[in-house]
Amino acid sequence: MSTDIVSADGWERIDGVPRIPVGEWVDEGFDWIYDHFGDFLDRVGDAGESAVDGISGLLNGPAPLVMAAVFALLAWFARDWKLGIGTFVGMAFIISMDQWENAMATLALILLATVLALVIGIPLGVLAASWDWFSRVVRPVMDLMQTMPAFVWLVPVVTAFGLNVTAGLVATVIFALPPGVRLTELGIRQVDAEVVEAGHAFGATRGQILREVQLPLATPTVMAGINQVIMLALSMAVIAGLVGAPGLGKAVTESISRLNVGLGFEAGLSVVVLAVFLDRVTAAAGKRQPGRGRLRALIGRSTGGGRAEEGGSTTTEQETAAA
């Protein structure tokens, strides 16, 4: 059994070990931040709330079936007609459960959190791949952000922003950011060193090699990171409902407080449909060939042009082998 003792030198000891007041330091640090940057945090909170409301209003503007058709077309372009039909059926299922408005509010939160996480995470990943010392500094920070229980992040953001959608947005960005950094760094580091050396031999600058060689070749790994960021943001968006974020997370929270099993399942199944849609679309986008002309390739694939090109390339390879 542990015992707390204050020794003669003023140090509180627990079983002979000096107590480190980490909790008090964190509280004092947040109090200092709020005392000096309270107005700035309030403006950030208002901006975040306005941004989420704006995107949510945009997604909820058209009729639900129209938006379902738009999502289905997006899935068709990204992969194939089967995913397009599956997406339309899934979205119609959400509409039938009367969870469409909540689903679009959650999607708005996910989209904004993902964009913010990638705007911060991809440059950090590029810097970590460029300098080993920066990677060594960033890595433990990413470990902290990724392994800390998700609920813990809600406490400081609620202290800073209050119970509103911005608190959920910031907590979601913190929780979803690390995969974007890690997989961007990994993708760039996996680029063949001989290809980079060839770029240097032809006189390319460091920026040209990054833009024209490393990032295009690292695109599949970076897209895998984006996929993970979206999935983590979606998982956190439900938890963010506890601090006032609108959408399916709030519906899940209400179902717990009211012991409404049906509402909880409706909101949960809607989350599953959104997760499958986002996962399949981003995974399919990550498998596209890197470089320019990606949109033209997607259109050609959806209209059958891609097959013709693949067939042409196979014929050329056969002719080459025969020669």
# chains A, B, ... in the order shown; residues from 1 in each chain; ligands from 1
>>> residues_around(residues="stretch 249-265 of chain A", least_positions_apart="5", cutoff="12 Å", atoms="only C-alpha atoms", output="number ranges by chain")
A: 94, 97-107, 109-110, 164-165, 168, 233-244, 270-272
>>> residues_around(residues="stretch 282-286 of chain A", least_positions_apart="3", cutoff="8 Å", atoms="only C-alpha atoms", output="number ranges by chain")
A: 78-79, 219-224, 226-227, 278-279
>>> write_last_selection(atoms="N, CA, C and O atoms", output="PDB file, in the first residue's frame")
ATOM      1  N   ALA A  78     -14.005   6.453 -58.948  1.00  0.00           N
ATOM      2  CA  ALA A  78     -12.823   6.034 -58.192  1.00  0.00           C
ATOM      3  C   ALA A  78     -12.495   4.566 -58.397  1.00  0.00           C
ATOM      4  O   ALA A  78     -11.328   4.181 -58.446  1.00  0.00           O
ATOM      5  N   ARG A  79     -13.538   3.719 -58.556  1.00  0.00           N
ATOM      6  CA  ARG A  79     -13.271   2.282 -58.639  1.00  0.00           C
ATOM      7  C   ARG A  79     -14.030   1.625 -59.789  1.00  0.00           C
ATOM      8  O   ARG A  79     -13.485   1.434 -60.857  1.00  0.00           O
ATOM      9  N   THR A 219       3.149   8.243 -53.687  1.00  0.00           N
ATOM     10  CA  THR A 219       1.704   8.495 -53.640  1.00  0.00           C
ATOM     11  C   THR A 219       0.899   7.332 -53.054  1.00  0.00           C
ATOM     12  O   THR A 219       0.012   7.550 -52.211  1.00  0.00           O
ATOM     13  N   PRO A 220       1.130   6.054 -53.436  1.00  0.00           N
ATOM     14  CA  PRO A 220       0.335   4.973 -52.837  1.00  0.00           C
ATOM     15  C   PRO A 220       0.443   4.916 -51.317  1.00  0.00           C
ATOM     16  O   PRO A 220      -0.550   4.717 -50.618  1.00  0.00           O
ATOM     17  N   THR A 221       1.652   5.105 -50.788  1.00  0.00           N
ATOM     18  CA  THR A 221       1.828   5.073 -49.330  1.00  0.00           C
ATOM     19  C   THR A 221       1.189   6.294 -48.684  1.00  0.00           C
ATOM     20  O   THR A 221       0.566   6.187 -47.610  1.00  0.00           O
ATOM     21  N   VAL A 222       1.328   7.456 -49.330  1.00  0.00           N
ATOM     22  CA  VAL A 222       0.697   8.666 -48.784  1.00  0.00           C
ATOM     23  C   VAL A 222      -0.821   8.510 -48.775  1.00  0.00           C
ATOM     24  O   VAL A 222      -1.499   8.898 -47.808  1.00  0.00           O
ATOM     25  N   MET A 223      -1.361   7.914 -49.848  1.00  0.00           N
ATOM     26  CA  MET A 223      -2.811   7.704 -49.896  1.00  0.00           C
ATOM     27  C   MET A 223      -3.257   6.723 -48.816  1.00  0.00           C
ATOM     28  O   MET A 223      -4.355   6.856 -48.259  1.00  0.00           O
ATOM     29  N   ALA A 224      -2.407   5.727 -48.511  1.00  0.00           N
ATOM     30  CA  ALA A 224      -2.730   4.824 -47.403  1.00  0.00           C
ATOM     31  C   ALA A 224      -2.790   5.604 -46.088  1.00  0.00           C
ATOM     32  O   ALA A 224      -3.640   5.333 -45.224  1.00  0.00           O
ATOM     33  N   ILE A 226      -3.601   8.798 -45.862  1.00  0.00           N
ATOM     34  CA  ILE A 226      -4.840   9.591 -45.901  1.00  0.00           C
ATOM     35  C   ILE A 226      -6.030   8.718 -45.522  1.00  0.00           C
ATOM     36  O   ILE A 226      -6.929   9.152 -44.790  1.00  0.00           O
ATOM     37  N   ASN A 227      -6.019   7.485 -46.008  1.00  0.00           N
ATOM     38  CA  ASN A 227      -7.088   6.551 -45.658  1.00  0.00           C
ATOM     39  C   ASN A 227      -7.151   6.334 -44.149  1.00  0.00           C
ATOM     40  O   ASN A 227      -8.226   6.350 -43.546  1.00  0.00           O
ATOM     41  N   LEU A 278     -15.981   5.763 -47.491  1.00  0.00           N
ATOM     42  CA  LEU A 278     -14.736   6.540 -47.476  1.00  0.00           C
ATOM     43  C   LEU A 278     -13.517   5.635 -47.643  1.00  0.00           C
ATOM     44  O   LEU A 278     -12.552   5.998 -48.335  1.00  0.00           O
ATOM     45  N   ASP A 279     -13.550   4.470 -47.014  1.00  0.00           N
ATOM     46  CA  ASP A 279     -12.411   3.548 -47.101  1.00  0.00           C
ATOM     47  C   ASP A 279     -12.219   3.046 -48.528  1.00  0.00           C
ATOM     48  O   ASP A 279     -11.107   3.072 -49.065  1.00  0.00           O
TER      49      ASP A 279
END
>>> atom_distance(atom1="atom CA of A:Asp15", atom2="atom CA of A:Glu28")
26.0 Å
>>> closest_residue(among="A:Trp76, A:Ala68, A:Gln146, A:His36", to="A:Val89", atoms="only C-alpha atoms")
A:Ala68
>>> residues_around(residues="A:Ala113", least_positions_apart="6", cutoff="8 Å", atoms="only C-alpha atoms", output="PDB file with all heavy atoms, in the first residue's frame")
ATOM      1  N   LEU A 169     -13.731  18.989 -33.102  1.00  0.00           N
ATOM      2  CA  LEU A 169     -12.890  19.088 -34.301  1.00  0.00           C
ATOM      3  C   LEU A 169     -11.408  19.027 -33.940  1.00  0.00           C
ATOM      4  O   LEU A 169     -10.636  18.278 -34.561  1.00  0.00           O
ATOM      5  CB  LEU A 169     -13.203  20.399 -35.038  1.00  0.00           C
ATOM      6  CG  LEU A 169     -12.352  20.728 -36.252  1.00  0.00           C
ATOM      7  CD1 LEU A 169     -12.598  19.728 -37.365  1.00  0.00           C
ATOM      8  CD2 LEU A 169     -12.647  22.152 -36.738  1.00  0.00           C
ATOM      9  N   VAL A 170     -10.996  19.798 -32.934  1.00  0.00           N
ATOM     10  CA  VAL A 170      -9.587  19.822 -32.546  1.00  0.00           C
ATOM     11  C   VAL A 170      -9.143  18.466 -31.997  1.00  0.00           C
ATOM     12  O   VAL A 170      -8.061  17.965 -32.331  1.00  0.00           O
ATOM     13  CB  VAL A 170      -9.342  20.938 -31.503  1.00  0.00           C
ATOM     14  CG1 VAL A 170      -7.909  20.893 -30.984  1.00  0.00           C
ATOM     15  CG2 VAL A 170      -9.635  22.299 -32.106  1.00  0.00           C
ATOM     16  N   THR A 172     -10.374  15.617 -32.767  1.00  0.00           N
ATOM     17  CA  THR A 172     -10.311  14.699 -33.910  1.00  0.00           C
ATOM     18  C   THR A 172      -9.025  14.897 -34.703  1.00  0.00           C
ATOM     19  O   THR A 172      -8.381  13.919 -35.118  1.00  0.00           O
ATOM     20  CB  THR A 172     -11.532  14.916 -34.822  1.00  0.00           C
ATOM     21  OG1 THR A 172     -12.719  14.730 -34.066  1.00  0.00           O
ATOM     22  CG2 THR A 172     -11.535  13.941 -35.982  1.00  0.00           C
ATOM     23  N   VAL A 173      -8.627  16.155 -34.914  1.00  0.00           N
ATOM     24  CA  VAL A 173      -7.386  16.430 -35.653  1.00  0.00           C
ATOM     25  C   VAL A 173      -6.183  15.861 -34.906  1.00  0.00           C
ATOM     26  O   VAL A 173      -5.302  15.221 -35.501  1.00  0.00           O
ATOM     27  CB  VAL A 173      -7.221  17.948 -35.881  1.00  0.00           C
ATOM     28  CG1 VAL A 173      -5.832  18.251 -36.439  1.00  0.00           C
ATOM     29  CG2 VAL A 173      -8.293  18.462 -36.829  1.00  0.00           C
ATOM     30  N   ALA A 233     -10.384   9.706 -37.981  1.00  0.00           N
ATOM     31  CA  ALA A 233     -11.262  10.858 -37.790  1.00  0.00           C
ATOM     32  C   ALA A 233     -12.706  10.403 -37.625  1.00  0.00           C
ATOM     33  O   ALA A 233     -13.451  10.942 -36.790  1.00  0.00           O
ATOM     34  CB  ALA A 233     -11.139  11.811 -38.982  1.00  0.00           C
TER      35      ALA A 233
END
>>> closest_residue(among="A:Val191, A:Ala198, A:Val152, A:Leu124", to="A:Pro179", atoms="only C-alpha atoms")
A:Leu124
